[in-house]
file query-v5.csv (CSV, C-alpha atoms)
chain,number,residue,atom,x,y,z
S,1,MET,CA,19.8,24.5,-11.8
S,2,ALA,CA,22.4,24.8,-9.1
S,3,ILE,CA,24.9,22.3,-10.5
S,4,THR,CA,26.8,22.3,-13.8
S,5,LEU,CA,28.9,19.2,-14.6
S,6,VAL,CA,31.9,19.6,-16.9
S,7,ASN,CA,34.9,17.7,-18.3
S,8,PRO,CA,37.6,20.4,-18.5
S,9,THR,CA,40.0,20.4,-21.5
S,10,GLY,CA,43.2,18.8,-20.4
S,11,LEU,CA,41.6,16.1,-18.2
S,12,PRO,CA,40.4,12.7,-19.4
S,13,GLU,CA,36.8,12.5,-20.4
S,14,ILE,CA,35.2,9.7,-18.4
S,15,ASP,CA,31.9,8.2,-19.6
S,16,VAL,CA,30.3,7.5,-16.2
S,17,TYR,CA,31.1,10.8,-14.4
S,18,ARG,CA,32.2,14.3,-15.0
S,19,GLN,CA,35.5,15.6,-13.6
S,20,VAL,CA,34.1,18.9,-12.2
S,21,SER,CA,30.9,20.0,-10.5
S,22,ILE,CA,30.3,23.8,-10.4
S,23,ALA,CA,27.8,24.7,-7.7
S,24,SER,CA,25.9,28.0,-7.7
S,25,GLY,CA,23.1,27.1,-5.2
S,26,SER,CA,22.8,28.1,-1.6
S,27,LYS,CA,21.4,25.0,0.1
S,28,LEU,CA,23.8,22.2,0.8
S,29,VAL,CA,22.5,18.7,1.4
S,30,PHE,CA,24.8,16.0,2.8
S,31,VAL,CA,23.3,12.5,2.4
S,32,ALA,CA,24.8,9.9,4.8
S,33,GLY,CA,26.3,6.9,3.3
S,34,GLN,CA,23.4,4.8,1.9
S,35,VAL,CA,23.5,1.0,1.9
S,36,ALA,CA,21.2,-1.6,0.4
S,37,TRP,CA,18.4,-1.4,3.0
S,38,ASP,CA,14.8,-1.1,2.1
S,39,ALA,CA,12.4,1.2,4.0
S,40,GLY,CA,12.1,-1.5,6.7
S,41,GLY,CA,15.8,-1.8,7.2
S,42,VAL,CA,16.1,-5.2,5.5
S,43,THR,CA,19.1,-5.8,3.2
S,44,VAL,CA,18.2,-6.0,-0.5
S,45,GLY,CA,20.3,-8.1,-2.9
S,46,GLU,CA,22.4,-10.1,-0.5
S,47,GLY,CA,25.6,-11.1,-2.3
S,48,ASP,CA,24.5,-9.1,-5.5
S,49,LEU,CA,26.6,-6.0,-6.0
S,50,ALA,CA,24.5,-4.6,-8.9
S,51,THR,CA,21.3,-4.9,-6.9
S,52,GLN,CA,22.9,-3.3,-3.8
S,53,VAL,CA,24.3,-0.4,-5.9
S,54,GLU,CA,20.8,0.1,-7.4
S,55,GLN,CA,19.2,0.2,-3.9
S,56,CYS,CA,21.8,2.7,-2.7
S,57,TYR,CA,21.0,5.0,-5.6
S,58,LEU,CA,17.3,4.7,-4.9
S,59,ASN,CA,17.9,5.5,-1.3
S,60,ILE,CA,19.9,8.6,-2.2
S,61,ALA,CA,17.1,9.7,-4.5
S,62,THR,CA,14.6,9.3,-1.6
S,63,ALA,CA,16.8,11.3,0.7
S,64,LEU,CA,17.2,14.0,-1.9
S,65,ALA,CA,13.5,14.2,-2.5
S,66,GLU,CA,12.9,14.8,1.2
S,67,ALA,CA,15.2,17.8,0.9
S,68,GLY,CA,13.5,19.1,-2.2
S,69,GLY,CA,16.1,17.8,-4.7
S,70,SER,CA,17.0,15.1,-7.1
S,71,PHE,CA,20.1,13.5,-8.7
S,72,ASP,CA,20.3,16.6,-10.9
S,73,ASP,CA,21.4,18.5,-7.7
S,74,VAL,CA,24.2,16.1,-6.8
S,75,ALA,CA,27.6,17.7,-6.7
S,76,LYS,CA,29.7,14.7,-5.6
S,77,LEU,CA,29.3,11.0,-4.8
S,78,THR,CA,31.6,8.8,-2.8
S,79,VAL,CA,31.3,5.1,-3.4
S,80,HIS,CA,32.8,2.6,-0.9
S,81,VAL,CA,33.0,-1.0,-2.3
S,82,VAL,CA,34.0,-4.0,-0.1
S,83,ASP,CA,37.1,-5.8,-1.4
S,84,TRP,CA,37.2,-3.8,-4.6
S,85,THR,CA,38.8,-5.4,-7.6
S,86,PRO,CA,38.4,-4.2,-11.3
S,87,ASP,CA,36.2,-7.1,-12.1
S,88,LYS,CA,33.5,-5.5,-9.9
S,89,MET,CA,33.2,-2.6,-12.3
S,90,PRO,CA,30.6,-4.2,-14.6
S,91,PRO,CA,28.1,-5.0,-11.8
S,92,LEU,CA,28.7,-1.6,-10.3
S,93,LEU,CA,27.9,0.1,-13.6
S,94,GLU,CA,24.9,-2.2,-14.1
S,95,GLY,CA,23.4,-1.2,-10.7
S,96,ILE,CA,23.9,2.5,-11.6
S,97,SER,CA,22.3,2.0,-15.0
S,98,ARG,CA,19.3,0.2,-13.5
S,99,ALA,CA,18.8,2.9,-10.9
S,100,ALA,CA,19.2,5.6,-13.5
S,101,ALA,CA,16.5,4.0,-15.7
S,102,LYS,CA,14.1,3.7,-12.7
S,103,LEU,CA,14.7,7.3,-11.7
S,104,GLY,CA,14.8,8.7,-15.2
S,105,VAL,CA,18.1,10.4,-14.7
S,106,THR,CA,21.7,10.3,-16.0
S,107,PRO,CA,23.7,10.4,-12.7
S,108,VAL,CA,27.2,11.6,-13.7
S,109,PRO,CA,28.4,13.9,-11.0
S,110,PRO,CA,32.1,13.7,-10.0
S,111,ALA,CA,32.6,10.5,-8.0
S,112,THR,CA,35.3,8.9,-5.9
S,113,LEU,CA,35.5,5.1,-5.8
S,114,LEU,CA,37.2,3.6,-2.7
S,115,GLY,CA,37.8,0.0,-1.9
S,116,VAL,CA,37.3,-0.8,1.7
S,117,ALA,CA,37.9,-3.9,3.8
S,118,ALA,CA,34.4,-4.0,5.3
S,119,LEU,CA,31.3,-2.1,6.1
S,120,ASP,CA,29.3,-2.0,9.4
S,121,VAL,CA,26.9,-4.8,8.3
S,122,PRO,CA,28.7,-7.9,6.8
S,123,ASP,CA,25.9,-8.4,4.1
S,124,HIS,CA,26.5,-4.9,2.7
S,125,LEU,CA,28.8,-4.8,-0.3
S,126,VAL,CA,28.6,-1.1,-1.1
S,127,GLU,CA,27.9,2.3,0.6
S,128,ILE,CA,27.4,5.5,-1.3
S,129,GLU,CA,27.2,9.0,0.1
S,130,ALA,CA,26.2,12.2,-1.8
S,131,ILE,CA,26.6,15.9,-1.5
S,132,ALA,CA,24.0,18.0,-3.3
S,133,VAL,CA,23.5,21.7,-3.9
S,134,LEU,CA,20.0,23.2,-4.3
S,135,ASP,CA,18.9,26.7,-5.2

call {"tool": "encode", "arguments": {"input": "query-v5.csv", "output": "structure tokens"}}
result
Amino acid sequence: MAITLVNPTGLPEIDVYRQVSIASGSKLVFVAGQVAWDAGGVTVGEGDLATQVEQCYLNIATALAEAGGSFDDVAKLTVHVVDWTPDKMPPLLEGISRAAAKLGVTPVPPATLLGVAALDVPDHLVEIEAIAVLD
């Protein structure tokens, strides 16, 4: 496996992600920010953050599979949430949990969560991008 995820001594241990991703592979995969579109370009889960997060993760998994990878190869995620407030954390985690169950993975690579004013499509509440490293 090209990715090793760790929580170094001296940094807080976070349940939903690891602080460091150590990559040893040679093929980098950069997945564009994924939104809650289905394969036909229709928004899934209008007004429902958990459902949109789940769809983003499923879309990332689809993109990674095309490159020959999976969530096990993800070195870093960046999550952009419209009008972020701390009360949005439970639906965000619910969406991740549902996607993880469907995909049979535990997606805990280092992640950055950013609150944004808006995304390019008003119905989209979240956009998630990924960087993966494959052998």

call {"tool": "closest_residue", "arguments": {"input": "query-v5.csv", "among": "S:Gln19, S:Ser97, S:Thr112, S:Ser70", "to": "Val133 of chain S", "atoms": "all atoms listed in the file"}}
result
S:Ser70

call {"tool": "closest_residue", "arguments": {"input": "query-v5.csv", "among": "S:Val53, S:Leu119, S:Leu114, S:Ala132", "to": "Val79 of chain S", "atoms": "only C-alpha atoms"}}
result
S:Leu114

call {"tool": "closest_atom_pairs", "arguments": {"input": "query-v5.csv", "of": "segment 84-120 of chain S", "to": "segment 36-50 of chain S", "cutoff": "12 Å", "atoms": "only C-alpha atoms", "output": "JSON lines"}}
result
{"residue": "S:Trp84", "atom": "CA", "partner": "S:Leu49", "partner_atom": "CA", "distance": 10.9}
{"residue": "S:Asp87", "atom": "CA", "partner": "S:Leu49", "partner_atom": "CA", "distance": 11.4}
{"residue": "S:Lys88", "atom": "CA", "partner": "S:Leu49", "partner_atom": "CA", "distance": 7.9}
{"residue": "S:Met89", "atom": "CA", "partner": "S:Ala50", "partner_atom": "CA", "distance": 9.6}
{"residue": "S:Pro90", "atom": "CA", "partner": "S:Ala50", "partner_atom": "CA", "distance": 8.4}
{"residue": "S:Pro91", "atom": "CA", "partner": "S:Ala50", "partner_atom": "CA", "distance": 4.6}
{"residue": "S:Leu92", "atom": "CA", "partner": "S:Ala50", "partner_atom": "CA", "distance": 5.3}
{"residue": "S:Leu93", "atom": "CA", "partner": "S:Ala50", "partner_atom": "CA", "distance": 7.5}
{"residue": "S:Glu94", "atom": "CA", "partner": "S:Ala50", "partner_atom": "CA", "distance": 5.7}
{"residue": "S:Gly95", "atom": "CA", "partner": "S:Ala50", "partner_atom": "CA", "distance": 4.0}
{"residue": "S:Ile96", "atom": "CA", "partner": "S:Ala50", "partner_atom": "CA", "distance": 7.6}
{"residue": "S:Ser97", "atom": "CA", "partner": "S:Ala50", "partner_atom": "CA", "distance": 9.3}
{"residue": "S:Arg98", "atom": "CA", "partner": "S:Ala50", "partner_atom": "CA", "distance": 8.4}
{"residue": "S:Ala99", "atom": "CA", "partner": "S:Ala50", "partner_atom": "CA", "distance": 9.6}
{"residue": "S:Leu119", "atom": "CA", "partner": "S:Ala36", "partner_atom": "CA", "distance": 11.6}

call {"tool": "closest_residue", "arguments": {"input": "query-v5.csv", "among": "S:Val20, S:Leu58, S:Ala63, S:Met1", "to": "Ala32 of chain S", "atoms": "all atoms listed in the file"}}
result
S:Ala63

call {"tool": "closest_residue", "arguments": {"input": "query-v5.csv", "among": "S:Asn59, S:Val35, S:Ala100, S:Gly69", "to": "Val81 of chain S", "atoms": "only C-alpha atoms"}}
result
S:Val35

call {"tool": "closest_residue", "arguments": {"input": "query-v5.csv", "among": "S:Pro110, S:Pro12, S:Leu125, S:Asp135", "to": "Asp83 of chain S", "atoms": "only C-alpha atoms"}}
result
S:Leu125

call {"tool": "closest_residue", "arguments": {"input": "query-v5.csv", "among": "S:Leu103, S:Leu5, S:Lys76, S:Ala23", "to": "Ile131 of chain S", "atoms": "only C-alpha atoms"}}
result
S:Lys76

call {"tool": "atom_distance", "arguments": {"input": "query-v5.csv", "atom1": "atom CA of Ala118 of chain S", "atom2": "atom CA of Gly33 of chain S"}}
result
13.7 Å

call {"tool": "residues_near_point", "arguments": {"input": "query-v5.csv", "point": "(28.4, 6.7, -0.2)", "cutoff": "7 Å", "atoms": "all atoms listed in the file", "output": "list in words"}}
result
Ala32, Gly33, Gln34, Leu77, Thr78, Val79, His80, Glu127, Ile128, Glu129 and Ala130 of chain S

call {"tool": "atom_distance", "arguments": {"input": "query-v5.csv", "atom1": "atom CA of Leu134 of chain S", "atom2": "atom CA of Gly25 of chain S"}}
result
5.1 Å

call {"tool": "atom_distance", "arguments": {"input": "query-v5.csv", "atom1": "atom CA of Thr9 of chain S", "atom2": "atom CA of Leu113 of chain S"}}
result
22.4 Å

call {"tool": "residues_around", "arguments": {"input": "query-v5.csv", "residues": "Ile3 of chain S", "least_positions_apart": "3", "cutoff": "7 Å", "atoms": "all atoms listed in the file", "output": "JSON, numbers by chain"}}
result
{"S": [21, 22, 23, 24, 73, 75, 133]}

call {"tool": "build_atoms", "arguments": {"input": "query-v5.csv", "residues": "segment 78-89 of chain S", "atoms": "all heavy atoms", "output": "PDB file, keeping the file's coordinate frame"}}
result
ATOM      1  N   THR S  78      30.530   9.643  -3.281  1.00  0.00           N
ATOM      2  CA  THR S  78      31.600   8.800  -2.800  1.00  0.00           C
ATOM      3  C   THR S  78      31.110   7.401  -2.670  1.00  0.00           C
ATOM      4  O   THR S  78      30.115   7.179  -1.968  1.00  0.00           O
ATOM      5  CB  THR S  78      32.244   9.320  -1.507  1.00  0.00           C
ATOM      6  OG1 THR S  78      32.644  10.680  -1.674  1.00  0.00           O
ATOM      7  CG2 THR S  78      33.453   8.489  -1.101  1.00  0.00           C
ATOM      8  N   VAL S  79      31.748   6.461  -3.364  1.00  0.00           N
ATOM      9  CA  VAL S  79      31.300   5.100  -3.400  1.00  0.00           C
ATOM     10  C   VAL S  79      32.347   4.217  -2.684  1.00  0.00           C
ATOM     11  O   VAL S  79      33.532   4.256  -3.042  1.00  0.00           O
ATOM     12  CB  VAL S  79      31.139   4.586  -4.863  1.00  0.00           C
ATOM     13  CG1 VAL S  79      30.676   3.141  -4.911  1.00  0.00           C
ATOM     14  CG2 VAL S  79      30.201   5.507  -5.628  1.00  0.00           C
ATOM     15  N   HIS S  80      31.902   3.460  -1.690  1.00  0.00           N
ATOM     16  CA  HIS S  80      32.800   2.600  -0.900  1.00  0.00           C
ATOM     17  C   HIS S  80      32.355   1.123  -1.279  1.00  0.00           C
ATOM     18  O   HIS S  80      31.218   0.745  -1.018  1.00  0.00           O
ATOM     19  CB  HIS S  80      32.621   2.773   0.565  1.00  0.00           C
ATOM     20  CG  HIS S  80      32.880   4.178   0.991  1.00  0.00           C
ATOM     21  ND1 HIS S  80      31.902   5.147   0.963  1.00  0.00           N
ATOM     22  CD2 HIS S  80      34.000   4.772   1.448  1.00  0.00           C
ATOM     23  CE1 HIS S  80      32.420   6.276   1.398  1.00  0.00           C
ATOM     24  NE2 HIS S  80      33.686   6.081   1.694  1.00  0.00           N
ATOM     25  N   VAL S  81      33.270   0.339  -1.879  1.00  0.00           N
ATOM     26  CA  VAL S  81      33.000  -1.000  -2.300  1.00  0.00           C
ATOM     27  C   VAL S  81      33.867  -1.983  -1.481  1.00  0.00           C
ATOM     28  O   VAL S  81      35.093  -1.812  -1.459  1.00  0.00           O
ATOM     29  CB  VAL S  81      33.158  -1.256  -3.788  1.00  0.00           C
ATOM     30  CG1 VAL S  81      32.843  -2.694  -4.175  1.00  0.00           C
ATOM     31  CG2 VAL S  81      32.280  -0.292  -4.588  1.00  0.00           C
ATOM     32  N   VAL S  82      33.244  -2.986  -0.860  1.00  0.00           N
ATOM     33  CA  VAL S  82      34.000  -4.000  -0.100  1.00  0.00           C
ATOM     34  C   VAL S  82      34.853  -4.822  -1.006  1.00  0.00           C
ATOM     35  O   VAL S  82      34.383  -5.288  -2.052  1.00  0.00           O
ATOM     36  CB  VAL S  82      33.023  -4.854   0.733  1.00  0.00           C
ATOM     37  CG1 VAL S  82      33.776  -5.977   1.442  1.00  0.00           C
ATOM     38  CG2 VAL S  82      32.239  -4.006   1.739  1.00  0.00           C
ATOM     39  N   ASP S  83      36.107  -4.999  -0.622  1.00  0.00           N
ATOM     40  CA  ASP S  83      37.100  -5.800  -1.400  1.00  0.00           C
ATOM     41  C   ASP S  83      37.092  -5.522  -2.848  1.00  0.00           C
ATOM     42  O   ASP S  83      37.006  -6.406  -3.700  1.00  0.00           O
ATOM     43  CB  ASP S  83      36.723  -7.337  -1.155  1.00  0.00           C
ATOM     44  CG  ASP S  83      36.870  -7.775   0.287  1.00  0.00           C
ATOM     45  OD1 ASP S  83      37.775  -7.252   0.976  1.00  0.00           O
ATOM     46  OD2 ASP S  83      36.092  -8.625   0.730  1.00  0.00           O
ATOM     47  N   TRP S  84      37.240  -4.245  -3.181  1.00  0.00           N
ATOM     48  CA  TRP S  84      37.200  -3.800  -4.600  1.00  0.00           C
ATOM     49  C   TRP S  84      38.300  -4.485  -5.404  1.00  0.00           C
ATOM     50  O   TRP S  84      39.452  -4.599  -5.002  1.00  0.00           O
ATOM     51  CB  TRP S  84      37.420  -2.293  -4.663  1.00  0.00           C
ATOM     52  CG  TRP S  84      37.550  -1.848  -6.090  1.00  0.00           C
ATOM     53  CD1 TRP S  84      38.698  -1.528  -6.753  1.00  0.00           C
ATOM     54  CD2 TRP S  84      36.501  -1.746  -7.042  1.00  0.00           C
ATOM     55  NE1 TRP S  84      38.419  -1.214  -8.068  1.00  0.00           N
ATOM     56  CE2 TRP S  84      37.073  -1.344  -8.264  1.00  0.00           C
ATOM     57  CE3 TRP S  84      35.124  -1.953  -6.982  1.00  0.00           C
ATOM     58  CZ2 TRP S  84      36.312  -1.135  -9.405  1.00  0.00           C
ATOM     59  CZ3 TRP S  84      34.381  -1.741  -8.119  1.00  0.00           C
ATOM     60  CH2 TRP S  84      34.974  -1.341  -9.316  1.00  0.00           C
ATOM     61  N   THR S  85      37.896  -4.929  -6.583  1.00  0.00           N
ATOM     62  CA  THR S  85      38.800  -5.400  -7.600  1.00  0.00           C
ATOM     63  C   THR S  85      38.176  -4.889  -8.949  1.00  0.00           C
ATOM     64  O   THR S  85      36.954  -4.685  -9.026  1.00  0.00           O
ATOM     65  CB  THR S  85      38.953  -6.909  -7.675  1.00  0.00           C
ATOM     66  OG1 THR S  85      37.653  -7.507  -7.790  1.00  0.00           O
ATOM     67  CG2 THR S  85      39.664  -7.428  -6.423  1.00  0.00           C
ATOM     68  N   PRO S  86      38.976  -4.682  -9.991  1.00  0.00           N
ATOM     69  CA  PRO S  86      38.400  -4.200 -11.300  1.00  0.00           C
ATOM     70  C   PRO S  86      37.316  -5.006 -11.855  1.00  0.00           C
ATOM     71  O   PRO S  86      36.467  -4.469 -12.565  1.00  0.00           O
ATOM     72  CB  PRO S  86      39.664  -4.131 -12.171  1.00  0.00           C
ATOM     73  CG  PRO S  86      40.817  -3.961 -11.243  1.00  0.00           C
ATOM     74  CD  PRO S  86      40.450  -4.761 -10.017  1.00  0.00           C
ATOM     75  N   ASP S  87      37.255  -6.302 -11.558  1.00  0.00           N
ATOM     76  CA  ASP S  87      36.200  -7.100 -12.100  1.00  0.00           C
ATOM     77  C   ASP S  87      34.816  -6.795 -11.520  1.00  0.00           C
ATOM     78  O   ASP S  87      33.796  -7.266 -12.020  1.00  0.00           O
ATOM     79  CB  ASP S  87      36.494  -8.629 -11.944  1.00  0.00           C
ATOM     80  CG  ASP S  87      36.569  -9.049 -10.489  1.00  0.00           C
ATOM     81  OD1 ASP S  87      37.243  -8.362  -9.701  1.00  0.00           O
ATOM     82  OD2 ASP S  87      35.947 -10.073 -10.140  1.00  0.00           O
ATOM     83  N   LYS S  88      34.794  -5.947 -10.499  1.00  0.00           N
ATOM     84  CA  LYS S  88      33.500  -5.500  -9.900  1.00  0.00           C
ATOM     85  C   LYS S  88      32.927  -4.307 -10.637  1.00  0.00           C
ATOM     86  O   LYS S  88      31.801  -3.908 -10.351  1.00  0.00           O
ATOM     87  CB  LYS S  88      33.679  -5.230  -8.418  1.00  0.00           C
ATOM     88  CG  LYS S  88      33.977  -6.489  -7.634  1.00  0.00           C
ATOM     89  CD  LYS S  88      34.049  -6.233  -6.157  1.00  0.00           C
ATOM     90  CE  LYS S  88      34.335  -7.567  -5.456  1.00  0.00           C
ATOM     91  NZ  LYS S  88      34.440  -7.407  -4.016  1.00  0.00           N
ATOM     92  N   MET S  89      33.681  -3.726 -11.583  1.00  0.00           N
ATOM     93  CA  MET S  89      33.200  -2.600 -12.300  1.00  0.00           C
ATOM     94  C   MET S  89      31.908  -2.849 -13.099  1.00  0.00           C
ATOM     95  O   MET S  89      30.951  -2.072 -13.034  1.00  0.00           O
ATOM     96  CB  MET S  89      34.253  -1.958 -13.212  1.00  0.00           C
ATOM     97  CG  MET S  89      33.820  -0.665 -13.881  1.00  0.00           C
ATOM     98  SD  MET S  89      33.400   0.657 -12.725  1.00  0.00           S
ATOM     99  CE  MET S  89      35.015   1.304 -12.367  1.00  0.00           C
TER     100      MET S  89
END
